[in-house]
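Containing mmCIF, C-alpha atoms and all ligand atoms: entry_5.cif.
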data_input
#
loop_
_atom_site.label_atom_id
_atom_site.label_comp_id
_atom_site.auth_asym_id
_atom_site.auth_seq_id
_atom_site.Cartn_x
_atom_site.Cartn_y
_atom_site.Cartn_z
CA HIS A 153 14.01 -21.10 -9.19
CA MET A 154 11.95 -24.03 -7.89
CA LEU A 155 8.98 -21.82 -7.18
CA THR A 156 8.83 -20.28 -10.65
CA ALA A 157 6.75 -23.02 -12.23
CA GLU A 158 4.54 -23.15 -9.19
CA LEU A 159 3.94 -19.39 -9.34
CA HIS A 160 2.87 -19.70 -12.96
CA GLU A 161 0.49 -22.44 -11.97
CA ALA A 162 -0.80 -20.39 -9.06
CA LEU A 163 -1.84 -17.65 -11.47
CA LEU A 164 -3.60 -20.10 -13.79
CA LYS A 165 -5.33 -21.93 -10.97
CA GLY A 166 -6.40 -18.81 -9.12
CA GLN A 167 -4.43 -19.51 -5.95
CA PHE A 168 -3.66 -15.89 -5.18
CA GLU A 169 -5.95 -13.91 -2.95
CA LEU A 170 -6.06 -10.41 -1.61
CA HIS A 171 -6.50 -9.59 2.04
CA TYR A 172 -7.65 -6.15 3.06
CA GLN A 173 -6.28 -4.14 5.96
CA PRO A 174 -8.41 -1.24 7.21
CA ILE A 175 -7.15 2.34 7.09
CA VAL A 176 -8.74 4.68 9.61
CA GLN A 177 -8.98 8.48 9.32
CA LEU A 178 -8.34 10.27 12.60
CA ASP A 179 -10.57 13.32 12.07
CA ASP A 180 -13.70 11.25 12.73
CA ASP A 181 -12.25 7.79 13.45
CA GLY A 182 -14.09 6.51 10.37
CA LEU A 183 -12.97 3.93 7.86
CA ALA A 184 -11.06 5.57 5.00
CA GLY A 185 -10.53 2.39 3.02
CA PHE A 186 -8.30 -0.67 2.85
CA GLU A 187 -4.83 -1.69 1.69
CA ALA A 188 -4.85 -4.79 -0.52
CA LEU A 189 -2.18 -7.32 0.47
CA ILE A 190 -1.52 -10.41 -1.61
CA ARG A 191 -1.30 -13.97 -0.22
CA TRP A 192 -0.79 -17.29 -1.94
CA ARG A 193 -3.22 -20.02 -0.97
CA HIS A 194 -0.86 -22.93 -1.62
CA PRO A 195 -2.50 -26.37 -1.76
CA VAL A 196 0.16 -27.93 0.48
CA ARG A 197 1.97 -25.11 2.24
CA GLY A 198 -1.11 -23.16 3.21
CA LEU A 199 -1.20 -19.39 3.20
CA VAL A 200 2.16 -18.09 1.91
CA PRO A 201 3.08 -14.47 2.78
CA PRO A 202 4.26 -12.10 0.01
CA MET A 203 7.82 -11.88 1.34
CA GLU A 204 8.24 -15.54 0.38
CA PHE A 205 7.22 -15.22 -3.27
CA ILE A 206 7.16 -11.58 -4.40
CA PRO A 207 10.99 -11.37 -4.59
CA ILE A 208 11.01 -14.49 -6.82
CA ALA A 209 8.18 -13.13 -8.91
CA GLU A 210 10.25 -9.94 -9.34
CA GLU A 211 13.35 -11.90 -10.40
CA THR A 212 11.46 -13.94 -12.97
CA GLY A 213 9.33 -11.09 -14.29
CA LEU A 214 6.15 -12.88 -13.27
CA ILE A 215 5.41 -9.92 -11.02
CA ILE A 216 4.02 -8.13 -14.07
CA GLN A 217 1.23 -10.66 -14.53
CA ILE A 218 0.67 -11.06 -10.80
CA GLY A 219 0.55 -7.29 -10.46
CA GLU A 220 -2.06 -7.04 -13.21
CA TRP A 221 -4.20 -9.57 -11.38
CA VAL A 222 -3.75 -7.65 -8.09
CA LEU A 223 -4.79 -4.34 -9.64
CA ARG A 224 -7.87 -5.76 -11.31
CA GLU A 225 -8.94 -7.78 -8.29
CA ALA A 226 -8.42 -4.84 -5.89
CA CYS A 227 -10.41 -2.48 -8.13
CA ARG A 228 -13.13 -5.07 -8.54
CA ALA A 229 -13.48 -5.49 -4.77
CA ALA A 230 -13.45 -1.76 -4.10
CA ALA A 231 -16.04 -1.04 -6.80
CA ALA A 232 -18.55 -2.96 -4.65
CA TRP A 233 -17.84 -0.81 -1.58
CA PRO A 234 -19.43 2.55 -0.75
CA ASN A 235 -17.93 5.36 -2.81
CA HIS A 236 -16.16 7.10 0.05
CA LEU A 237 -13.86 4.10 0.62
CA LYS A 238 -10.47 3.94 -1.09
CA ILE A 239 -8.33 0.99 -2.06
CA ALA A 240 -4.53 1.07 -1.79
CA VAL A 241 -2.44 -1.25 -3.97
CA ASN A 242 1.28 -1.99 -3.59
CA LEU A 243 3.46 -1.74 -6.66
CA SER A 244 6.93 -3.20 -6.94
CA VAL A 245 9.66 -1.23 -8.69
CA CYS A 246 9.65 -3.75 -11.56
CA GLN A 247 6.02 -2.96 -12.24
CA PHE A 248 6.75 0.73 -12.09
CA ARG A 249 9.59 0.33 -14.60
CA HIS A 250 7.59 -1.85 -16.99
CA ASN A 251 6.08 -0.05 -19.97
CA SER A 252 2.67 -1.71 -19.51
CA LEU A 253 1.82 -0.05 -16.18
CA LEU A 254 -0.27 2.82 -17.42
CA ALA A 255 -2.34 0.58 -19.71
CA THR A 256 -2.79 -1.93 -16.89
CA VAL A 257 -4.12 0.72 -14.53
CA VAL A 258 -6.43 2.16 -17.17
CA SER A 259 -7.89 -1.23 -18.04
CA ALA A 260 -8.37 -2.21 -14.37
CA LEU A 261 -10.36 1.00 -13.86
CA ASP A 262 -12.31 0.54 -17.11
CA GLU A 263 -13.18 -3.10 -16.49
CA THR A 264 -14.35 -2.53 -12.93
CA GLY A 265 -15.85 0.94 -13.25
CA LEU A 266 -13.96 2.10 -10.15
CA PHE A 267 -13.62 5.88 -9.95
CA PRO A 268 -9.89 6.64 -10.30
CA GLU A 269 -10.01 8.91 -7.24
CA ARG A 270 -10.66 5.80 -5.16
CA LEU A 271 -7.51 4.00 -6.26
CA GLU A 272 -4.26 4.69 -4.47
CA ILE A 273 -0.98 3.29 -5.77
CA GLU A 274 1.78 2.70 -3.20
CA ILE A 275 5.35 2.99 -4.40
CA THR A 276 8.53 2.96 -2.35
CA GLU A 277 11.42 5.39 -2.31
CA SER A 278 13.47 2.83 -4.24
CA VAL A 279 11.66 4.06 -7.37
CA PHE A 280 13.86 7.17 -7.10
CA LEU A 281 17.15 5.42 -6.44
CA ALA A 282 18.51 5.70 -9.95
CA ASP A 283 17.17 9.01 -11.10
CA VAL A 284 14.23 11.11 -9.97
CA GLU A 285 13.79 12.74 -13.38
CA GLN A 286 13.35 9.38 -15.05
CA SER A 287 10.31 8.52 -12.91
CA LEU A 288 8.51 11.83 -13.30
CA PRO A 289 6.75 11.35 -16.66
CA LEU A 290 5.06 8.16 -15.48
CA LEU A 291 4.07 9.67 -12.13
CA ARG A 292 2.55 12.62 -13.94
CA ALA A 293 0.70 10.34 -16.35
CA LEU A 294 -0.72 8.34 -13.43
CA LYS A 295 -1.76 11.55 -11.76
CA GLU A 296 -3.52 12.61 -14.92
CA LEU A 297 -5.71 9.54 -14.59
CA ARG A 298 -6.74 11.11 -11.24
CA ILE A 299 -5.57 8.13 -9.18
CA ARG A 300 -3.70 8.87 -5.96
CA ILE A 301 -0.04 8.16 -5.37
CA ALA A 302 1.42 7.27 -1.98
CA ILE A 303 4.99 6.82 -0.78
CA ASP A 304 5.14 3.55 1.18
CA ASP A 305 7.60 2.57 3.94
CA PHE A 306 8.63 6.23 4.13
CA GLY A 307 11.98 6.77 5.80
CA THR A 308 13.47 3.35 5.18
CA GLY A 309 14.87 3.81 1.66
CA TYR A 310 18.24 5.13 0.60
CA SER A 311 17.02 7.87 -1.68
CA SER A 312 17.27 11.55 -0.85
CA LEU A 313 14.25 13.66 0.06
CA SER A 314 14.56 15.74 -3.08
CA TYR A 315 11.93 13.65 -4.88
CA LEU A 316 9.33 15.21 -2.57
CA ARG A 317 9.91 18.54 -4.29
CA ALA A 318 9.82 17.01 -7.74
CA PHE A 319 6.44 15.36 -7.47
CA ALA A 320 3.33 16.15 -5.42
CA PHE A 321 2.52 12.91 -3.62
CA ASP A 322 -0.96 12.48 -2.25
CA LYS A 323 0.11 10.50 0.79
CA ILE A 324 3.14 9.67 2.90
CA LYS A 325 3.03 6.34 4.74
CA LEU A 326 5.51 6.43 7.61
CA ASP A 327 7.14 3.03 8.01
CA ARG A 328 6.14 1.07 11.07
CA SER A 329 9.72 0.89 12.36
CA PHE A 330 9.36 4.53 13.43
CA VAL A 331 6.08 3.84 15.19
CA SER A 332 7.11 0.82 17.25
CA GLY A 333 9.43 2.69 19.61
CA ILE A 334 7.52 5.92 19.79
CA GLU A 335 6.53 5.50 23.46
CA THR A 336 10.12 5.43 24.66
CA ASP A 337 12.44 6.52 21.86
CA PRO A 338 12.80 10.30 21.52
CA GLY A 339 14.48 9.81 18.15
CA ASN A 340 11.39 8.17 16.73
CA LEU A 341 9.20 10.95 18.11
CA ALA A 342 11.41 13.52 16.40
CA ILE A 343 11.10 11.70 13.09
CA VAL A 344 7.33 11.36 13.47
CA ARG A 345 7.05 15.12 14.00
CA ALA A 346 9.23 15.86 11.02
CA VAL A 347 7.05 13.68 8.81
CA VAL A 348 3.86 15.45 9.93
CA GLY A 349 5.60 18.70 9.04
CA ILE A 350 6.63 17.44 5.62
CA GLY A 351 3.10 16.19 4.97
CA SER A 352 1.49 19.48 5.87
CA GLY A 353 4.10 21.47 3.94
CA PHE A 354 3.53 19.44 0.80
CA ASN A 355 -0.22 19.13 1.30
CA ALA A 356 0.02 15.34 1.53
CA THR A 357 -2.03 13.03 3.72
CA THR A 358 0.13 11.50 6.46
CA LEU A 359 -0.45 7.91 7.51
CA ALA A 360 1.31 6.06 10.32
CA GLU A 361 1.71 2.32 9.78
CA GLY A 362 2.03 -0.53 12.24
CA ILE A 363 -0.03 0.83 15.12
CA GLU A 364 -0.26 -1.97 17.65
CA THR A 365 -1.03 -0.25 20.94
CA GLU A 366 -3.53 2.26 22.26
CA GLU A 367 -0.62 4.39 23.48
CA GLN A 368 0.89 4.60 19.98
CA LEU A 369 -2.49 5.57 18.60
CA GLN A 370 -2.87 8.37 21.14
CA LYS A 371 0.62 9.69 20.44
CA LEU A 372 0.18 9.71 16.67
CA ARG A 373 -3.20 11.33 16.97
CA ALA A 374 -1.69 14.03 19.16
CA GLU A 375 1.12 14.58 16.66
CA GLY A 376 -1.42 15.27 13.93
CA PHE A 377 -1.38 12.29 11.59
CA SER A 378 -4.38 12.13 9.27
CA GLU A 379 -4.65 8.35 9.04
CA VAL A 380 -3.53 5.22 10.85
CA GLN A 381 -3.15 1.57 9.99
CA GLY A 382 -2.04 -1.41 12.05
CA PHE A 383 -3.06 -4.49 13.96
CA LEU A 384 -4.76 -2.35 16.64
CA LEU A 385 -7.17 -0.97 14.04
CA GLY A 386 -7.48 -4.22 12.12
CA ARG A 387 -5.42 -7.02 10.63
CA PRO A 388 -5.42 -7.84 6.94
CA MET A 389 -8.72 -9.69 6.48
CA LEU A 390 -10.66 -11.65 3.90
CA GLN A 391 -12.91 -9.79 1.50
CA ALA A 392 -16.02 -11.06 3.28
CA GLU A 393 -14.69 -9.78 6.60
CA ALA A 394 -13.92 -6.39 5.05
CA GLN A 395 -17.47 -6.32 3.73
CA ALA A 396 -18.82 -7.11 7.22
CA LEU A 397 -16.69 -4.32 8.71
CA ILE A 398 -18.06 -1.87 6.15
CA GLU A 399 -21.64 -2.92 6.79
CA GLY A 400 -21.03 -2.76 10.53
CA GLY A 401 -21.13 0.98 10.09
CA ALA A 402 -17.59 2.21 9.88
O1 LIG A 501 1.13 -8.43 3.84
P1 LIG A 501 2.51 -8.34 4.41
O2 LIG A 501 2.69 -7.36 5.55
O3 LIG A 501 3.12 -9.70 4.75
O4 LIG A 501 3.37 -7.75 3.19
C1 LIG A 501 4.75 -7.85 3.17
C2 LIG A 501 5.28 -7.04 2.01
O5 LIG A 501 4.70 -7.47 0.78
C3 LIG A 501 4.98 -5.56 2.14
O6 LIG A 501 6.17 -4.87 1.82
C4 LIG A 501 3.95 -5.32 1.10
O7 LIG A 501 4.07 -4.03 0.56
C5 LIG A 501 4.26 -6.37 0.06
N1 LIG A 501 3.07 -6.69 -0.71
C6 LIG A 501 1.88 -7.11 -0.26
N2 LIG A 501 0.99 -7.26 -1.26
C7 LIG A 501 1.64 -6.91 -2.39
C8 LIG A 501 1.26 -6.83 -3.79
O8 LIG A 501 0.13 -7.08 -4.18
N3 LIG A 501 2.21 -6.43 -4.67
C9 LIG A 501 3.47 -6.13 -4.28
N4 LIG A 501 4.35 -5.76 -5.22
N5 LIG A 501 3.86 -6.17 -2.99
C10 LIG A 501 2.96 -6.55 -2.06
O1 LIG A 502 5.44 -2.55 3.09
P1 LIG A 502 3.97 -2.44 3.44
O2 LIG A 502 3.67 -1.25 4.27
O3 LIG A 502 3.06 -2.55 2.25
O4 LIG A 502 3.69 -3.69 4.37
C1 LIG A 502 2.46 -3.99 4.88
C2 LIG A 502 2.70 -5.17 5.77
O5 LIG A 502 2.74 -4.74 7.15
C3 LIG A 502 1.59 -6.20 5.66
O6 LIG A 502 2.17 -7.44 5.40
C4 LIG A 502 0.95 -6.22 7.01
O7 LIG A 502 0.62 -7.54 7.37
C5 LIG A 502 2.02 -5.66 7.92
N1 LIG A 502 1.42 -4.96 9.04
C6 LIG A 502 0.32 -4.19 8.99
N2 LIG A 502 0.02 -3.69 10.22
C7 LIG A 502 0.97 -4.17 11.06
C8 LIG A 502 1.20 -4.02 12.46
O8 LIG A 502 0.48 -3.34 13.17
N3 LIG A 502 2.29 -4.66 12.96
C9 LIG A 502 3.10 -5.41 12.20
N4 LIG A 502 4.13 -6.02 12.82
N5 LIG A 502 2.92 -5.57 10.88
C10 LIG A 502 1.87 -4.97 10.31
MN MN A 503 2.01 -0.87 1.61
NA NA A 504 4.72 0.25 4.44
#
Output the file's structure as structure tokens, nothing else.
Ligand code: G
Ligand code: G
Ligand code: MN
Ligand code: NA
Amino acid sequence: HMLTAELHEALLKGQFELHYQPIVQLDDDGLAGFEALIRWRHPVRGLVPPMEFIPIAEETGLIIQIGEWVLREACRAAAAWPNHLKIAVNLSVCQFRHNSLLATVVSALDETGLFPERLEIEITESVFLADVEQSLPLLRALKELRIRIAIDDFGTGYSSLSYLRAFAFDKIKLDRSFVSGIETDPGNLAIVRAVVGIGSGFNATTLAEGIETEEQLQKLRAEGFSEVQGFLLGRPMLQAEAQALIEGGA
């Protein structure tokens, strides 16, 4: 692919950056942490969103190196924040399948001194598409490091729910497509309630993504979600802006 060489160069030249989107806990409306989201600061094209280069990076295998950079950079940023704040990092299935993952996580924690409890790895249901059993040893090994594991984009994958019984996830992140119609769509409300039930039954934190309106926030609070994330609470922001938000007393 045309972009492949450019992606290599981007790594070497340090053109990737992480933006940080706030995650808010609803018990006290305080800041729980941030999700790290990668962007490519392209010299000509400007800021390139992940959807435009992550799929290519996955195809070419470059996602492994990019993912290592993301993990280290995210841990490094979070290590400078107050200890109660967590950092969430997205993992693609390729990274999850690659045999270097555990070592990569360990070295990111070692190099930055971040407490493992403060790192949350986000995986999607697609990890379980082939075979749940196959993914369990790695999940257990990650858990043994005491990092947290979240299911991202919950409800949008094609896998069955049986993986929830097989592994104790720390967090369920309900996909924003179920949040957007919650004011008017009774189907979405039913799903939202079911997810809160699943979360409480499995002792997992429940987070609702993509909150854009005050009304959505009120509804999800009333339904009992533990955490929220979305443009209403804060857009993905530069590290300096995240720092300012933290110092602003969140
Ligand atoms: O930031 P934005 O909403 O444009 O992200 C779009 C998609 O890219 C989301 O699915 C998100 O999970 C994914 N993404 C963002 N940052 C990373 C990253 O560092 N690694 C991987 N694998 N995916 C990411
Ligand atoms: O797949 P994942 O949940 O990691 O995707 C995160 C992506 O969702 C980021 O690219 C982020 O920019 C985007 N996002 C975060 N909050 C909102 C929101 O409130 N509305 C919309 N439309 N997108 C959001
Ligand atoms: Mn995510
Ligand atoms: Na998501």
For ligand MN 503 (chain A), return the neighbouring residues as a PDB file with C-alpha atoms, in the coordinates of the input (distance at most 10 Å; only C-alpha atoms and all ligand atoms).
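Written output follows (selection.pdb):
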ATOM      1  CA  GLN A 173      -6.280  -4.140   5.960  1.00  0.00           C
ATOM      2  CA  GLU A 187      -4.830  -1.690   1.690  1.00  0.00           C
ATOM      3  CA  ALA A 188      -4.850  -4.790  -0.520  1.00  0.00           C
ATOM      4  CA  LEU A 189      -2.180  -7.320   0.470  1.00  0.00           C
ATOM      5  CA  ALA A 240      -4.530   1.070  -1.790  1.00  0.00           C
ATOM      6  CA  VAL A 241      -2.440  -1.250  -3.970  1.00  0.00           C
ATOM      7  CA  ASN A 242       1.280  -1.990  -3.590  1.00  0.00           C
ATOM      8  CA  LEU A 243       3.460  -1.740  -6.660  1.00  0.00           C
ATOM      9  CA  ILE A 273      -0.980   3.290  -5.770  1.00  0.00           C
ATOM     10  CA  GLU A 274       1.780   2.700  -3.200  1.00  0.00           C
ATOM     11  CA  ILE A 275       5.350   2.990  -4.400  1.00  0.00           C
ATOM     12  CA  THR A 276       8.530   2.960  -2.350  1.00  0.00           C
ATOM     13  CA  ALA A 302       1.420   7.270  -1.980  1.00  0.00           C
ATOM     14  CA  ILE A 303       4.990   6.820  -0.780  1.00  0.00           C
ATOM     15  CA  ASP A 304       5.140   3.550   1.180  1.00  0.00           C
ATOM     16  CA  ASP A 305       7.600   2.570   3.940  1.00  0.00           C
ATOM     17  CA  LYS A 325       3.030   6.340   4.740  1.00  0.00           C
ATOM     18  CA  ASP A 327       7.140   3.030   8.010  1.00  0.00           C
ATOM     19  CA  GLU A 361       1.710   2.320   9.780  1.00  0.00           C
TER      20      GLU A 361
END
How would you report the residues lying within 6 Å of ligand LIG 502 (chain A), as an MDAnalysis selection string, if you count only C-alpha atoms and all ligand atoms?
chainID A and resid 304:305 362:364 382:383
10 Å contact set for Ala184 in chain A, all atoms listed in the file, chain neighbours under 3 positions out, as a list in words:
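Final neighbour list, sorted by chain and number: Pro174, Ile175, Val176, Gln177, Leu178, Asp180, Asp181, His236, Leu237, Lys238, Ile239, Glu379, Val380 and Ala402 of chain A.
Distances to ligand LIG 501 (chain A) were evaluated for A:Leu369, A:Leu313, A:Met389, A:Ala255 using only C-alpha atoms and all ligand atoms, and the minimum falls at A:Met389.
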Given all atoms listed in the file as the basis, pick out the residue of A:Ala229, A:Val245, A:Leu384, A:Leu164 nearest to ligand LIG 501 (chain A).
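Of all the options, A:Val245 lies closest to ligand LIG 501 (chain A).
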Using all atoms listed in the file, can you tell me which of A:Ile398, A:Ile190, A:Ile218, A:Gln391 comes closest to Asn235 in chain A?
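Smallest separation from Asn235 in chain A among the options: A:Ile398.
Minimum distance to Val222 in chain A across A:Thr256, A:Asn251, A:Ser278, A:Ser314 (counting all atoms listed in the file) occurs at A:Thr256.
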For Phe280 in chain A, please output as an NGL selection string all residues within 9 Å (counting only C-alpha atoms; exclusion window: fewer than 6 positions along the same chain).
:A and (286-287 or 311-312 or 315)
Which residues, written as a PyMOL selection string, have at least one atom at most 12 Å from Ser352 in chain A, with all atoms listed in the file counted and residues fewer than 6 positions away on the same chain left out?
chain A and resi 320-324+345-346+358-359+375-378
Could you please determine the separation between CA of Leu155 in chain A and CA of Gly213 in chain A in Å, to one decimal place?
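Going from CA of Leu155 in chain A over to CA of Gly213 in chain A, I get 12.9 Å.
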Excluding Leu163 in chain A and residues on its chain fewer than 2 positions from it, collect all residues at most 10 Å away from it, counting all atoms listed in the file, and give them as a ChimeraX atom specification.
/A:158-161,165-168,192,214,217-218,221
Quick one, how far is CA of Ser252 in chain A from CA of Glu220 in chain A?
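Distance reported for this atom pair: 9.5 Å.
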Using all atoms listed in the file, find all polymer residues with an atom at most 12 Å away from the point (-15.2, 5.4, -4.2); report them as a VMD selection string.
chain A and resid 184 to 186 227 to 240 261 264 to 272 299
Atomic distance CA of Gly339 in chain A - CA of Arg317 in chain A, expressed in Å with one decimal
24.5 Å
Selected residue, from A:Glu335, A:Asp179, A:Glu169, A:Glu277, that lies nearest to Ser244 in chain A when counting only C-alpha atoms
A:Glu277
Between A:Ile215, A:Val257, A:Ile208, A:Met154, which has the minimum distance to ligand LIG 501 (chain A) (counting all atoms listed in the file)?
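Going through A:Ile215, A:Val257, A:Ile208, A:Met154 one by one, the smallest distance to ligand LIG 501 (chain A) is for A:Ile215.
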